[in-house]
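Structure file run-v5.cif (mmCIF, C-alpha atoms) is printed below.
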data_model
loop_
_atom_site.label_atom_id
_atom_site.label_comp_id
_atom_site.auth_asym_id
_atom_site.auth_seq_id
_atom_site.Cartn_x
_atom_site.Cartn_y
_atom_site.Cartn_z
CA MET A 1 26.23 -4.85 -48.47
CA LYS A 2 25.89 -8.49 -47.66
CA LYS A 3 23.03 -7.72 -45.30
CA ASN A 4 21.22 -5.78 -48.00
CA SER A 5 21.40 -8.65 -50.41
CA LYS A 6 20.07 -10.93 -47.67
CA VAL A 7 17.07 -8.67 -47.27
CA SER A 8 16.44 -8.28 -50.98
CA ASP A 9 16.71 -12.05 -51.42
CA ALA A 10 14.08 -12.48 -48.75
CA ILE A 11 11.82 -9.90 -50.39
CA ALA A 12 12.08 -11.54 -53.80
CA GLY A 13 11.58 -14.97 -52.23
CA VAL A 14 8.41 -13.94 -50.42
CA LYS A 15 6.91 -12.61 -53.63
CA ARG A 16 7.85 -15.86 -55.36
CA GLY A 17 6.12 -17.83 -52.63
CA ASP A 18 9.26 -19.44 -51.24
CA ILE A 19 8.62 -20.74 -47.72
CA ALA A 20 12.19 -20.37 -46.44
CA SER A 21 12.19 -16.72 -47.54
CA VAL A 22 8.90 -16.07 -45.76
CA SER A 23 10.38 -17.58 -42.63
CA ARG A 24 13.51 -15.47 -42.92
CA ALA A 25 11.50 -12.32 -43.62
CA LEU A 26 9.34 -12.96 -40.55
CA THR A 27 12.49 -13.11 -38.42
CA LEU A 28 13.82 -9.86 -39.88
CA ALA A 29 10.42 -8.28 -39.31
CA ALA A 30 10.26 -9.54 -35.73
CA ASP A 31 13.68 -8.18 -34.87
CA GLY A 32 12.61 -4.78 -36.15
CA ARG A 33 16.07 -3.50 -36.94
CA GLN A 34 16.97 -1.11 -39.67
CA GLU A 35 17.33 -3.85 -42.25
CA ALA A 36 13.63 -4.64 -41.85
CA ASP A 37 12.73 -1.21 -43.24
CA GLU A 38 13.30 -2.49 -46.77
CA LEU A 39 10.74 -5.21 -46.16
CA LEU A 40 8.16 -2.70 -45.02
CA LYS A 41 8.78 -0.55 -48.05
CA ALA A 42 8.56 -3.47 -50.44
CA PHE A 43 5.41 -4.95 -48.95
CA PHE A 44 3.26 -1.94 -48.14
CA LYS A 45 1.23 -2.25 -51.32
CA ASP A 46 -0.21 -5.53 -50.06
CA LEU A 47 -1.63 -3.83 -47.00
CA GLY A 48 -5.23 -4.79 -46.42
CA ARG A 49 -5.41 -7.68 -48.88
CA ALA A 50 -6.10 -10.41 -46.31
CA GLN A 51 -8.80 -10.68 -43.69
CA LYS A 52 -6.96 -10.51 -40.38
CA ILE A 53 -8.81 -12.48 -37.77
CA GLY A 54 -7.75 -11.98 -34.17
CA LEU A 55 -8.48 -14.64 -31.59
CA CYS A 56 -8.38 -13.54 -27.98
CA GLY A 57 -9.57 -14.87 -24.66
CA PRO A 58 -8.19 -16.33 -21.44
CA PRO A 59 -5.52 -19.07 -21.43
CA GLY A 60 -6.82 -22.55 -22.04
CA VAL A 61 -10.14 -21.71 -23.69
CA GLY A 62 -9.04 -23.42 -26.90
CA LYS A 63 -7.88 -20.61 -29.14
CA SER A 64 -5.23 -22.76 -30.81
CA SER A 65 -7.53 -25.74 -31.28
CA LEU A 66 -10.20 -23.48 -32.71
CA SER A 67 -7.65 -21.89 -35.05
CA SER A 68 -6.69 -25.31 -36.29
CA ARG A 69 -10.34 -26.04 -37.15
CA LEU A 70 -10.78 -22.70 -38.91
CA ILE A 71 -7.64 -23.33 -40.95
CA SER A 72 -9.11 -26.67 -42.12
CA LEU A 73 -12.33 -24.98 -43.20
CA TYR A 74 -10.50 -22.26 -45.10
CA ARG A 75 -8.29 -24.85 -46.75
CA LYS A 76 -11.39 -26.63 -48.01
CA ARG A 77 -12.14 -23.44 -49.91
CA ASN A 78 -8.58 -23.48 -51.18
CA LEU A 79 -7.64 -20.24 -49.43
CA LYS A 80 -4.08 -19.61 -48.36
CA VAL A 81 -3.84 -19.21 -44.60
CA GLY A 82 -1.19 -17.64 -42.42
CA MET A 83 -1.14 -17.75 -38.67
CA LEU A 84 0.78 -15.74 -36.10
CA ALA A 85 0.54 -17.27 -32.64
CA VAL A 86 1.77 -15.07 -29.83
CA ASP A 87 2.87 -16.38 -26.46
CA PRO A 88 4.38 -14.38 -23.60
CA SER A 89 8.07 -13.63 -23.14
CA SER A 90 9.47 -13.88 -19.64
CA PRO A 91 9.95 -10.44 -18.12
CA ILE A 92 12.84 -11.93 -16.17
CA SER A 93 14.90 -13.95 -18.63
CA GLY A 94 13.49 -12.63 -21.91
CA GLY A 95 12.96 -16.24 -22.90
CA SER A 96 9.72 -17.74 -24.03
CA PHE A 97 7.93 -21.06 -24.26
CA LEU A 98 6.00 -21.11 -27.52
CA GLY A 99 3.52 -23.96 -27.38
CA ASP A 100 0.70 -23.06 -29.75
CA ARG A 101 1.91 -25.34 -32.54
CA LEU A 102 1.24 -28.32 -30.35
CA ARG A 103 -2.50 -27.96 -30.98
CA ILE A 104 -2.12 -27.25 -34.67
CA GLN A 105 -0.35 -30.33 -35.97
CA GLU A 106 -2.58 -31.44 -38.80
CA HIS A 107 -1.57 -28.70 -41.23
CA ILE A 108 2.16 -29.24 -41.00
CA SER A 109 2.55 -30.83 -44.43
CA ASP A 110 0.08 -28.47 -46.13
CA THR A 111 1.98 -25.87 -48.15
CA GLY A 112 -1.08 -23.61 -48.16
CA VAL A 113 -0.66 -22.98 -44.45
CA PHE A 114 2.13 -21.05 -42.78
CA ILE A 115 2.26 -20.94 -39.00
CA ARG A 116 4.69 -18.87 -36.98
CA SER A 117 5.08 -18.74 -33.21
CA ILE A 118 5.89 -15.31 -31.83
CA ALA A 119 7.15 -14.23 -28.45
CA SER A 120 5.58 -11.02 -27.14
CA ARG A 121 9.06 -9.63 -26.31
CA GLY A 122 7.94 -7.23 -23.66
CA MET A 123 4.87 -5.77 -25.29
CA VAL A 124 1.75 -5.76 -23.12
CA GLY A 125 -1.74 -6.19 -24.49
CA GLY A 126 -1.41 -9.63 -26.04
CA LEU A 127 0.67 -8.94 -29.15
CA SER A 128 4.28 -8.23 -30.04
CA ASN A 129 5.76 -4.89 -30.97
CA THR A 130 6.50 -5.89 -34.55
CA ILE A 131 3.35 -7.85 -35.32
CA PHE A 132 2.34 -5.45 -38.09
CA SER A 133 5.55 -6.04 -40.01
CA GLN A 134 4.96 -9.77 -39.73
CA ILE A 135 1.40 -9.37 -40.97
CA HIS A 136 2.75 -7.53 -44.03
CA VAL A 137 5.09 -10.42 -44.78
CA LEU A 138 2.19 -12.87 -44.77
CA GLU A 139 0.08 -10.52 -46.89
CA ALA A 140 2.87 -10.21 -49.44
CA TYR A 141 3.18 -14.00 -49.42
CA GLY A 142 -0.40 -14.02 -50.65
CA CYS A 143 -2.34 -15.21 -47.62
CA ASP A 144 -6.10 -14.72 -47.92
CA LYS A 145 -6.71 -15.18 -44.22
CA ILE A 146 -4.36 -14.35 -41.40
CA LEU A 147 -5.20 -15.71 -37.97
CA ILE A 148 -3.61 -13.88 -35.07
CA GLU A 149 -3.74 -15.65 -31.77
CA THR A 150 -3.01 -13.38 -28.84
CA VAL A 151 -1.37 -14.15 -25.55
CA GLY A 152 -4.18 -15.48 -23.40
CA ILE A 153 -4.17 -12.89 -20.69
CA GLY A 154 -7.81 -12.28 -20.07
CA GLN A 155 -9.55 -9.05 -19.33
CA ASP A 156 -7.32 -6.42 -20.87
CA GLU A 157 -5.72 -7.76 -24.04
CA VAL A 158 -7.25 -5.16 -26.31
CA ALA A 159 -4.24 -4.47 -28.57
CA ILE A 160 -5.66 -7.00 -31.00
CA ALA A 161 -8.53 -4.60 -31.82
CA ARG A 162 -5.98 -2.24 -33.34
CA ALA A 163 -4.29 -4.91 -35.44
CA ALA A 164 -7.07 -7.24 -36.65
CA ASP A 165 -10.07 -6.63 -38.88
CA THR A 166 -12.26 -9.09 -37.08
CA VAL A 167 -11.87 -9.88 -33.39
CA VAL A 168 -13.14 -13.19 -32.07
CA TYR A 169 -13.42 -13.44 -28.33
CA VAL A 170 -13.24 -17.05 -27.16
CA THR A 171 -14.46 -18.28 -23.80
CA THR A 172 -15.89 -21.48 -22.32
CA PRO A 173 -19.06 -22.41 -20.44
CA GLN A 174 -17.19 -22.52 -17.17
CA LEU A 175 -15.57 -19.13 -17.05
CA GLY A 176 -17.57 -16.68 -14.99
CA ASP A 177 -21.11 -15.45 -15.03
CA GLU A 178 -22.94 -12.49 -16.44
CA ILE A 179 -21.03 -10.08 -14.22
CA GLN A 180 -17.74 -11.10 -15.86
CA ALA A 181 -19.36 -10.52 -19.24
CA MET A 182 -20.32 -6.98 -18.23
CA LYS A 183 -16.80 -5.85 -17.45
CA ALA A 184 -14.87 -3.39 -19.55
CA GLY A 185 -11.96 -4.47 -21.71
CA VAL A 186 -12.07 -7.47 -24.01
CA MET A 187 -15.85 -7.72 -23.93
CA GLU A 188 -16.03 -4.37 -25.70
CA ILE A 189 -13.79 -5.27 -28.61
CA GLY A 190 -15.25 -8.61 -29.72
CA ASP A 191 -16.92 -8.64 -33.12
CA LEU A 192 -17.83 -12.27 -32.61
CA PHE A 193 -18.17 -14.18 -29.38
CA VAL A 194 -17.53 -17.88 -29.20
CA VAL A 195 -18.31 -20.21 -26.33
CA ASN A 196 -15.91 -23.05 -27.05
CA LYS A 197 -16.01 -26.47 -25.37
CA ALA A 198 -19.77 -26.45 -25.95
CA ASP A 199 -19.74 -30.13 -25.08
CA LEU A 200 -19.38 -29.06 -21.44
CA GLU A 201 -22.26 -28.28 -19.14
CA GLY A 202 -23.48 -24.69 -18.98
CA ARG A 203 -23.24 -23.85 -22.66
CA ASP A 204 -26.65 -22.23 -23.06
CA LYS A 205 -26.28 -20.20 -19.89
CA ALA A 206 -22.90 -18.87 -21.03
CA VAL A 207 -24.26 -17.91 -24.43
CA SER A 208 -27.26 -16.11 -22.96
CA ASP A 209 -25.11 -14.37 -20.31
CA ILE A 210 -22.90 -12.91 -23.02
CA ARG A 211 -25.88 -11.98 -25.18
CA SER A 212 -27.62 -10.15 -22.39
CA ALA A 213 -24.44 -8.38 -21.28
CA LEU A 214 -23.87 -7.19 -24.84
CA GLY A 215 -27.40 -5.83 -25.04
CA LEU A 216 -27.42 -4.00 -21.70
CA GLY A 217 -27.66 -0.22 -21.66
CA LEU A 218 -27.29 0.29 -25.39
CA ALA A 219 -28.26 3.84 -26.28
CA ALA A 220 -28.84 3.06 -29.94
CA PRO A 221 -28.97 -0.16 -31.95
CA ARG A 222 -25.65 -1.21 -33.42
CA VAL A 223 -25.05 -1.66 -37.12
CA TRP A 224 -23.08 -4.80 -36.39
CA GLU A 225 -24.65 -6.94 -33.73
CA PRO A 226 -21.91 -9.28 -32.40
CA PRO A 227 -23.10 -12.85 -32.84
CA VAL A 228 -22.57 -15.27 -29.98
CA SER A 229 -22.06 -18.87 -30.97
CA ALA A 230 -21.42 -22.12 -29.19
CA VAL A 231 -18.82 -24.38 -30.77
CA SER A 232 -16.74 -27.38 -29.86
CA ALA A 233 -13.31 -27.33 -31.46
CA ARG A 234 -12.78 -30.85 -30.17
CA ASP A 235 -15.91 -32.37 -31.71
CA GLY A 236 -16.15 -29.99 -34.64
CA LEU A 237 -19.58 -28.64 -33.68
CA GLY A 238 -20.89 -25.22 -34.69
CA LEU A 239 -17.88 -24.35 -36.81
CA GLU A 240 -19.71 -23.81 -40.08
CA LEU A 241 -21.90 -21.21 -38.40
CA LEU A 242 -18.86 -19.47 -36.95
CA LEU A 243 -17.30 -19.42 -40.41
CA ALA A 244 -20.47 -17.89 -41.85
CA ASP A 245 -20.33 -15.17 -39.18
CA LEU A 246 -16.68 -14.47 -40.03
CA ASP A 247 -17.63 -14.10 -43.70
CA ARG A 248 -20.54 -11.87 -42.80
CA HIS A 249 -18.23 -9.62 -40.78
CA GLU A 250 -15.77 -9.37 -43.64
CA LYS A 251 -18.62 -8.35 -45.93
CA TYR A 252 -19.85 -5.82 -43.39
CA LEU A 253 -16.40 -4.21 -43.25
CA LYS A 254 -16.23 -4.05 -47.03
CA GLU A 255 -19.65 -2.51 -47.43
CA THR A 256 -19.66 0.04 -44.62
CA PRO A 257 -17.27 2.85 -43.62
CA GLU A 258 -16.25 0.68 -40.66
CA GLY A 259 -13.77 -1.24 -42.83
CA ARG A 260 -11.85 1.85 -43.78
CA ARG A 261 -12.07 3.19 -40.25
CA ARG A 262 -10.39 0.04 -38.97
CA LEU A 263 -7.67 0.10 -41.59
CA LYS A 264 -6.94 3.67 -40.60
CA ASN A 265 -6.72 2.68 -36.95
CA GLN A 266 -4.34 -0.11 -37.85
CA CYS A 267 -2.14 2.29 -39.80
CA ARG A 268 -2.19 4.75 -36.93
CA GLU A 269 -1.16 2.05 -34.46
CA GLU A 270 1.57 0.69 -36.69
CA LEU A 271 2.95 4.16 -37.30
CA SER A 272 3.03 4.85 -33.60
CA LEU A 273 4.82 1.56 -32.85
CA TYR A 274 7.28 2.20 -35.65
CA VAL A 275 8.07 5.72 -34.51
CA SER A 276 8.62 4.53 -30.93
CA ARG A 277 11.03 1.89 -32.17
CA ARG A 278 12.89 4.47 -34.22
CA LEU A 279 13.07 6.85 -31.28
CA TYR A 280 14.45 4.07 -29.20
CA ARG A 281 16.94 3.02 -31.83
CA ASP A 282 18.05 6.45 -33.00
CA PHE A 283 17.94 8.46 -29.78
CA LEU A 284 17.99 6.34 -26.65
CA SER A 285 21.06 4.55 -27.94
CA LYS A 286 22.85 7.90 -27.62
CA VAL A 287 22.31 7.96 -23.85
CA SER A 288 25.59 7.24 -22.12
CA GLU A 289 26.27 5.90 -18.69
CA LYS A 290 27.66 9.34 -17.87
CA ASP A 291 24.34 10.99 -18.74
CA ILE A 292 22.63 8.80 -16.20
CA GLU A 293 25.34 9.52 -13.63
CA ASP A 294 24.77 13.23 -14.26
CA LEU A 295 21.07 12.82 -13.62
CA VAL A 296 21.72 11.07 -10.33
CA ASP A 297 24.27 13.72 -9.30
CA HIS A 298 21.88 16.58 -10.14
CA LYS A 299 24.25 17.91 -12.78
CA ILE A 300 21.58 18.08 -15.43
CA ASN A 301 17.82 17.89 -15.28
CA LEU A 302 15.85 15.29 -17.17
CA VAL A 303 14.07 17.73 -19.47
CA ASP A 304 17.29 19.34 -20.67
CA LEU A 305 18.96 15.99 -21.18
CA ALA A 306 15.99 14.71 -23.16
CA SER A 307 15.92 17.83 -25.33
CA GLU A 308 19.63 17.39 -25.97
CA ILE A 309 19.15 13.77 -27.03
CA LEU A 310 16.22 14.60 -29.29
CA LYS A 311 18.07 17.36 -31.14
CA MET B 312 23.98 -4.97 -12.43
CA VAL B 313 26.14 -6.37 -15.20
CA LYS B 314 23.87 -9.37 -15.29
CA VAL B 315 20.78 -7.25 -15.87
CA GLU B 316 22.44 -5.46 -18.75
CA ASN B 317 23.43 -8.76 -20.30
CA ILE B 318 19.87 -9.94 -20.16
CA GLN B 319 18.62 -6.77 -21.77
CA GLU B 320 21.13 -7.12 -24.52
CA SER B 321 20.25 -10.71 -25.29
CA ASN B 322 16.63 -9.56 -25.15
CA LEU B 323 17.08 -7.76 -28.40
CA ARG B 324 17.36 -10.89 -30.45
CA PRO B 325 16.82 -14.08 -28.49
CA HIS B 326 17.88 -17.35 -30.09
CA ARG B 327 15.01 -19.45 -31.36
CA VAL B 328 15.18 -23.17 -30.69
CA LEU B 329 12.84 -26.02 -31.56
CA ILE B 330 12.59 -28.89 -29.10
CA ALA B 331 10.99 -31.96 -30.60
CA LYS B 332 10.30 -35.57 -29.79
CA PRO B 333 10.60 -37.78 -32.85
CA GLY B 334 9.20 -41.28 -32.84
CA LEU B 335 6.73 -43.12 -30.69
CA ASP B 336 7.83 -42.90 -27.08
CA GLY B 337 5.67 -40.65 -24.95
CA HIS B 338 8.22 -39.85 -22.27
CA ASP B 339 8.35 -36.10 -22.63
CA ARG B 340 9.45 -35.13 -19.14
CA GLY B 341 13.05 -34.65 -20.25
CA ALA B 342 12.06 -32.55 -23.25
CA LYS B 343 9.91 -30.34 -21.04
CA VAL B 344 12.72 -29.88 -18.53
CA ILE B 345 14.98 -28.72 -21.36
CA VAL B 346 12.30 -26.38 -22.69
CA ARG B 347 11.91 -24.83 -19.27
CA ALA B 348 15.65 -24.48 -18.69
CA LEU B 349 16.16 -22.82 -22.07
CA ARG B 350 13.21 -20.50 -21.53
CA ASP B 351 14.70 -19.43 -18.21
CA ALA B 352 18.04 -18.86 -19.92
CA GLY B 353 16.48 -16.40 -22.35
CA PHE B 354 15.84 -18.58 -25.39
CA GLU B 355 12.61 -18.57 -27.37
CA VAL B 356 11.67 -22.22 -27.38
CA ILE B 357 9.11 -23.84 -29.61
CA TYR B 358 7.84 -27.17 -28.39
CA THR B 359 5.75 -29.31 -30.70
CA GLY B 360 4.88 -32.23 -28.42
CA ILE B 361 5.30 -35.97 -28.70
CA ARG B 362 5.10 -38.37 -31.66
CA GLN B 363 6.59 -36.16 -34.33
CA THR B 364 7.80 -37.50 -37.64
CA PRO B 365 11.11 -36.18 -39.00
CA GLU B 366 9.08 -34.46 -41.74
CA MET B 367 6.99 -32.59 -39.15
CA ILE B 368 10.10 -31.51 -37.29
CA ALA B 369 11.87 -30.24 -40.41
CA ARG B 370 8.76 -28.41 -41.51
CA ALA B 371 8.28 -26.72 -38.14
CA ALA B 372 11.96 -25.73 -38.08
CA LEU B 373 11.55 -24.22 -41.54
CA GLN B 374 8.48 -22.14 -40.63
CA GLU B 375 9.89 -21.04 -37.29
CA ASP B 376 13.34 -20.05 -38.60
CA VAL B 377 15.10 -21.62 -35.61
CA SER B 378 18.85 -21.68 -35.10
CA ALA B 379 18.84 -25.08 -33.44
CA VAL B 380 16.74 -28.22 -33.15
CA GLY B 381 16.92 -30.35 -30.01
CA LEU B 382 15.71 -33.93 -30.27
CA SER B 383 14.68 -36.01 -27.29
CA LEU B 384 14.28 -39.73 -27.76
CA LEU B 385 14.10 -42.64 -25.37
CA SER B 386 12.80 -45.43 -27.53
CA GLY B 387 16.08 -46.59 -29.08
CA ALA B 388 15.23 -45.40 -32.58
CA HIS B 389 17.77 -42.58 -32.52
CA MET B 390 20.07 -44.12 -35.14
CA THR B 391 17.22 -43.96 -37.65
CA LEU B 392 15.39 -40.82 -36.62
CA PHE B 393 18.16 -38.36 -35.68
CA PRO B 394 20.05 -38.62 -39.01
CA GLU B 395 16.74 -38.49 -40.87
CA VAL B 396 15.88 -35.17 -39.21
CA VAL B 397 19.33 -33.84 -40.17
CA ARG B 398 18.85 -35.02 -43.75
CA LEU B 399 15.42 -33.39 -44.10
CA LEU B 400 16.58 -30.12 -42.55
CA ARG B 401 19.41 -29.93 -45.06
CA LYS B 402 17.00 -30.86 -47.84
CA GLU B 403 14.80 -27.92 -46.85
CA GLY B 404 17.86 -25.72 -47.27
CA LEU B 405 18.47 -25.30 -43.54
CA GLU B 406 22.20 -25.87 -43.87
CA ASP B 407 23.34 -24.26 -40.65
CA VAL B 408 20.66 -25.29 -38.17
CA VAL B 409 22.42 -26.96 -35.24
CA VAL B 410 20.97 -30.37 -34.35
CA PHE B 411 21.55 -31.75 -30.88
CA GLY B 412 19.99 -34.64 -29.07
CA GLY B 413 19.39 -36.27 -25.76
CA GLY B 414 17.87 -39.33 -24.17
CA ILE B 415 18.92 -42.92 -23.75
CA ILE B 416 21.73 -42.98 -26.28
CA PRO B 417 24.52 -45.58 -25.85
CA ASP B 418 28.04 -44.13 -25.91
CA GLU B 419 29.04 -46.13 -28.97
CA ASP B 420 26.24 -44.51 -30.96
CA VAL B 421 27.26 -40.95 -30.14
CA SER B 422 30.23 -40.80 -32.51
CA LYS B 423 28.20 -42.40 -35.27
CA LEU B 424 25.48 -39.79 -34.83
CA LYS B 425 28.05 -37.01 -34.89
CA LYS B 426 29.38 -38.32 -38.17
CA GLN B 427 25.86 -38.01 -39.53
CA GLY B 428 25.49 -34.37 -38.65
CA VAL B 429 24.27 -34.44 -35.07
CA ASP B 430 26.29 -31.74 -33.36
CA GLN B 431 26.11 -32.94 -29.77
CA VAL B 432 24.42 -35.64 -27.69
CA PHE B 433 23.57 -35.37 -23.99
CA GLY B 434 22.99 -38.43 -21.84
CA PRO B 435 20.97 -38.86 -18.67
CA GLY B 436 22.24 -36.85 -15.72
CA THR B 437 23.74 -34.04 -17.79
CA PRO B 438 23.48 -30.83 -15.72
CA LEU B 439 21.08 -28.34 -17.31
CA SER B 440 23.74 -25.67 -17.14
CA SER B 441 25.95 -27.71 -19.50
CA ILE B 442 23.22 -27.92 -22.09
CA VAL B 443 22.35 -24.23 -21.81
CA GLY B 444 26.03 -23.28 -21.90
CA TYR B 445 26.72 -25.48 -24.91
CA LEU B 446 23.82 -24.06 -26.88
CA ARG B 447 24.55 -20.46 -26.02
CA GLU B 448 28.19 -20.79 -27.02
CA ARG B 449 27.39 -22.73 -30.16
CA LEU B 450 24.81 -20.21 -31.35
CA GLU B 451 26.87 -17.14 -30.48
CA LYS B 452 29.69 -18.59 -32.54
CA LYS B 453 27.31 -19.12 -35.43
CA GLN B 454 26.16 -15.52 -35.42
#
I need this file expressed as structure tokens, please.
Amino acid sequence: MKKNSKVSDAIAGVKRGDIASVSRALTLAADGRQEADELLKAFFKDLGRAQKIGLCGPPGVGKSSLSSRLISLYRKRNLKVGMLAVDPSSPISGGSFLGDRLRIQEHISDTGVFIRSIASRGMVGGLSNTIFSQIHVLEAYGCDKILIETVGIGQDEVAIARAADTVVYVTTPQLGDEIQAMKAGVMEIGDLFVVNKADLEGRDKAVSDIRSALGLGLAAPRVWEPPVSAVSARDGLGLELLLADLDRHEKYLKETPEGRRRLKNQCREELSLYVSRRLYRDFLSKVSEKDIEDLVDHKINLVDLASEILK
Amino acid sequence: MVKVENIQESNLRPHRVLIAKPGLDGHDRGAKVIVRALRDAGFEVIYTGIRQTPEMIARAALQEDVSAVGLSLLSGAHMTLFPEVVRLLRKEGLEDVVVFGGGIIPDEDVSKLKKQGVDQVFGPGTPLSSIVGYLRERLEKKQ
């Protein structure tokens, strides 16, 4: 009973725009227990109201610094911005060092910006298992833009393509040549490509390497041609152009079937994550130590045991 | 075996802790050591870097929904800055966030800080296991 009132307080608070409630709701959402179901139910009508911008790319390319710059530009337009910054959890201790805020200090006193650090808690692919629930909290809070910064793991962090509307792949002039840009994985999911640290040598080469890799072997012209831009988050160069590209992509999603296709993919992914969590919570918790002993002692086979559990 | 199970259990809902350095000293080695030790003990640790104002720390604690805030300070300004962080946290409605501190803090100041809401103070040479143990126990009790 007490727990329920805690959850309904948080729900009401989020809708009122109360920061402490948003924070509390994000924790409930992250923990993904039964009590978070009420949040999901209450907030599902806000689904799709914000542009969700995913930032991915290897560690150290400046995703956080770039996010900070984008937040400033959106704030100039008086838009409410939420940010979810994911860093890895230790597979050994379960602990995590969340350091993305360090690069995003300037917005701390701005009430139009809400930043939350998230530990990946065992999920591979650059996000956390309950990221969708947390996105819904920020949408219900009224954010116009939600930046999602993934774990910087490099070539295979494609989960972001199933959670964000617009995926920005960030790299630098000094990370690999054209061959790297031709590889499968992240290079296929970018809607926008950004060469950050454009103050460093090799900027033009990096931009043209990515451009040519994107254009190789295309069977038919694309409706959306991913723009490649050079920016410097440190010096503030090229950011207005990047912002214009982000706006253009949002418009493209609104005006073509691609927008709806992506929303459907997001729903599909969220449903699948939710059902796995429920299976885990409702069924795997029923597995006893004795069941495992029985497996080891050949007293029951795995298929029969699983069928029993799933009944 | 038991140990592995314990880790998996605490995995479900790790404690979130903010480690912050208020004031102007740039000596962040100690803070980083604490961050690392807590990470390895299964905590989710948010570190916001050096030169934080009490307002920045309270704000970050609010947005991150942490259970505890650890303050590291070596400049001698602890009698001003530690209580100010406590005051602002409470003002933000974070009544039960545990505040602990470390650094070059003279013994005679420790009891004064405790009277002003600082839960515990660790001096130089404190074994990491004491800090981890303290925090774990303190936060389990809170839950």
Just to confirm, what's the straight-line distance from CA of Ser229 (chain A) to CA of Leu241 (chain A) in Å (one decimal)?
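Distance reported for this atom pair: 7.8 Å.
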- Name the residues captured by the PyMOL selection byres ((chain B and resi 334) around 8) when it is applied to the shown file; answer as a list in words.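 On the file shown, the PyMOL selection byres ((chain B and resi 334) around 8) covers Lys332, Pro333, Leu335, Asp336, Ile361, Arg362, Gln363, Thr364, Leu384, Ser386, Ala388 and Leu392 of chain B.
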Between chain B and chain A, at 6 Å or less, what are the per-residue closest atom pairs and their distances in Å? Count all atoms listed in the file, order by chain and rising residue number, and return it as a tab-separated table.
residue	atom	partner	partner_atom	distance
B:Asn322	CA	A:Gly94	CA	5.5
B:Arg350	CA	A:Gly95	CA	4.5
B:Asp351	CA	A:Ser93	CA	5.5
B:Ala352	CA	A:Ser93	CA	6.0
B:Gly353	CA	A:Gly95	CA	3.6
B:Phe354	CA	A:Gly95	CA	4.5
B:Glu355	CA	A:Ser96	CA	4.5
B:Val356	CA	A:Phe97	CA	5.0
B:Ile357	CA	A:Leu98	CA	4.6
B:Tyr358	CA	A:Gly99	CA	5.5
B:Thr359	CA	A:Leu102	CA	4.6
B:Gly360	CA	A:Leu102	CA	5.7
B:Gln374	CA	A:Ser23	CA	5.3
B:Glu375	CA	A:Arg116	CA	5.6
B:Asp376	CA	A:Ser23	CA	5.6
Straight-line distance linking CA of Gly60 (chain A) with CA of Arg234 (chain A), stated in Å to one decimal
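These two atoms are separated by 13.1 Å.
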Smallest atom-to-atom distance to Arg49 (chain A): which of A:Gly125, A:Ala140, A:Asn301, A:Leu147, using all atoms listed in the file?
->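 Ranked by minimum distance to Arg49 (chain A), first place goes to A:Ala140.
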Between CA of Leu237 (chain A) and CA of Gly215 (chain A), what is the distance, to one decimal in Å?
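Between CA of Leu237 (chain A) and CA of Gly215 (chain A) the gap is 25.6 Å.
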Which residues, named as in the file, does the PyMOL selection byres ((chain A and resi 142) around 12) pick out? Answer as a VMD selection string. chain A and resid 14 to 19 22 43 45 to 51 79 to 82 112 to 114 135 to 141 143 to 146
Residue nearest Tyr445 (chain B) - candidates B:Glu366, B:Arg398, B:Val377, B:Leu349, atoms counted: all atoms listed in the file |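 Looking at the shortest contact to Tyr445 (chain B), the residue is B:Leu349.
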Might I get the box with edges along x, y and z of the file that holds all atoms of region 407-414 of chain B listed there, padded by 8 Å on every side, given as centre and edge lengths in Å to one decimal, as JSON?
{"center_x": 20.6, "center_y": -31.8, "center_z": -32.4, "size_x": 21.5, "size_y": 31.1, "size_z": 32.5}
Restore N, CA, C and O atoms in region 392-397 of chain B and list the result as a PDB file, in the coordinates of the input.
ATOM      1  N   LEU B 392      16.148 -42.070 -36.576  1.00  0.00           N
ATOM      2  CA  LEU B 392      15.390 -40.820 -36.620  1.00  0.00           C
ATOM      3  C   LEU B 392      16.262 -39.559 -36.575  1.00  0.00           C
ATOM      4  O   LEU B 392      15.978 -38.588 -37.270  1.00  0.00           O
ATOM      5  N   PHE B 393      17.335 -39.579 -35.765  1.00  0.00           N
ATOM      6  CA  PHE B 393      18.160 -38.360 -35.680  1.00  0.00           C
ATOM      7  C   PHE B 393      18.770 -37.995 -37.050  1.00  0.00           C
ATOM      8  O   PHE B 393      18.608 -36.878 -37.525  1.00  0.00           O
ATOM      9  N   PRO B 394      19.459 -38.967 -37.698  1.00  0.00           N
ATOM     10  CA  PRO B 394      20.050 -38.620 -39.010  1.00  0.00           C
ATOM     11  C   PRO B 394      18.991 -38.227 -40.039  1.00  0.00           C
ATOM     12  O   PRO B 394      19.240 -37.393 -40.905  1.00  0.00           O
ATOM     13  N   GLU B 395      17.802 -38.820 -39.921  1.00  0.00           N
ATOM     14  CA  GLU B 395      16.740 -38.490 -40.870  1.00  0.00           C
ATOM     15  C   GLU B 395      16.292 -37.026 -40.693  1.00  0.00           C
ATOM     16  O   GLU B 395      16.042 -36.329 -41.674  1.00  0.00           O
ATOM     17  N   VAL B 396      16.226 -36.583 -39.451  1.00  0.00           N
ATOM     18  CA  VAL B 396      15.880 -35.170 -39.210  1.00  0.00           C
ATOM     19  C   VAL B 396      16.954 -34.276 -39.825  1.00  0.00           C
ATOM     20  O   VAL B 396      16.642 -33.309 -40.528  1.00  0.00           O
ATOM     21  N   VAL B 397      18.232 -34.632 -39.603  1.00  0.00           N
ATOM     22  CA  VAL B 397      19.330 -33.840 -40.170  1.00  0.00           C
ATOM     23  C   VAL B 397      19.190 -33.782 -41.691  1.00  0.00           C
ATOM     24  O   VAL B 397      19.247 -32.717 -42.307  1.00  0.00           O
TER      25      VAL B 397
END
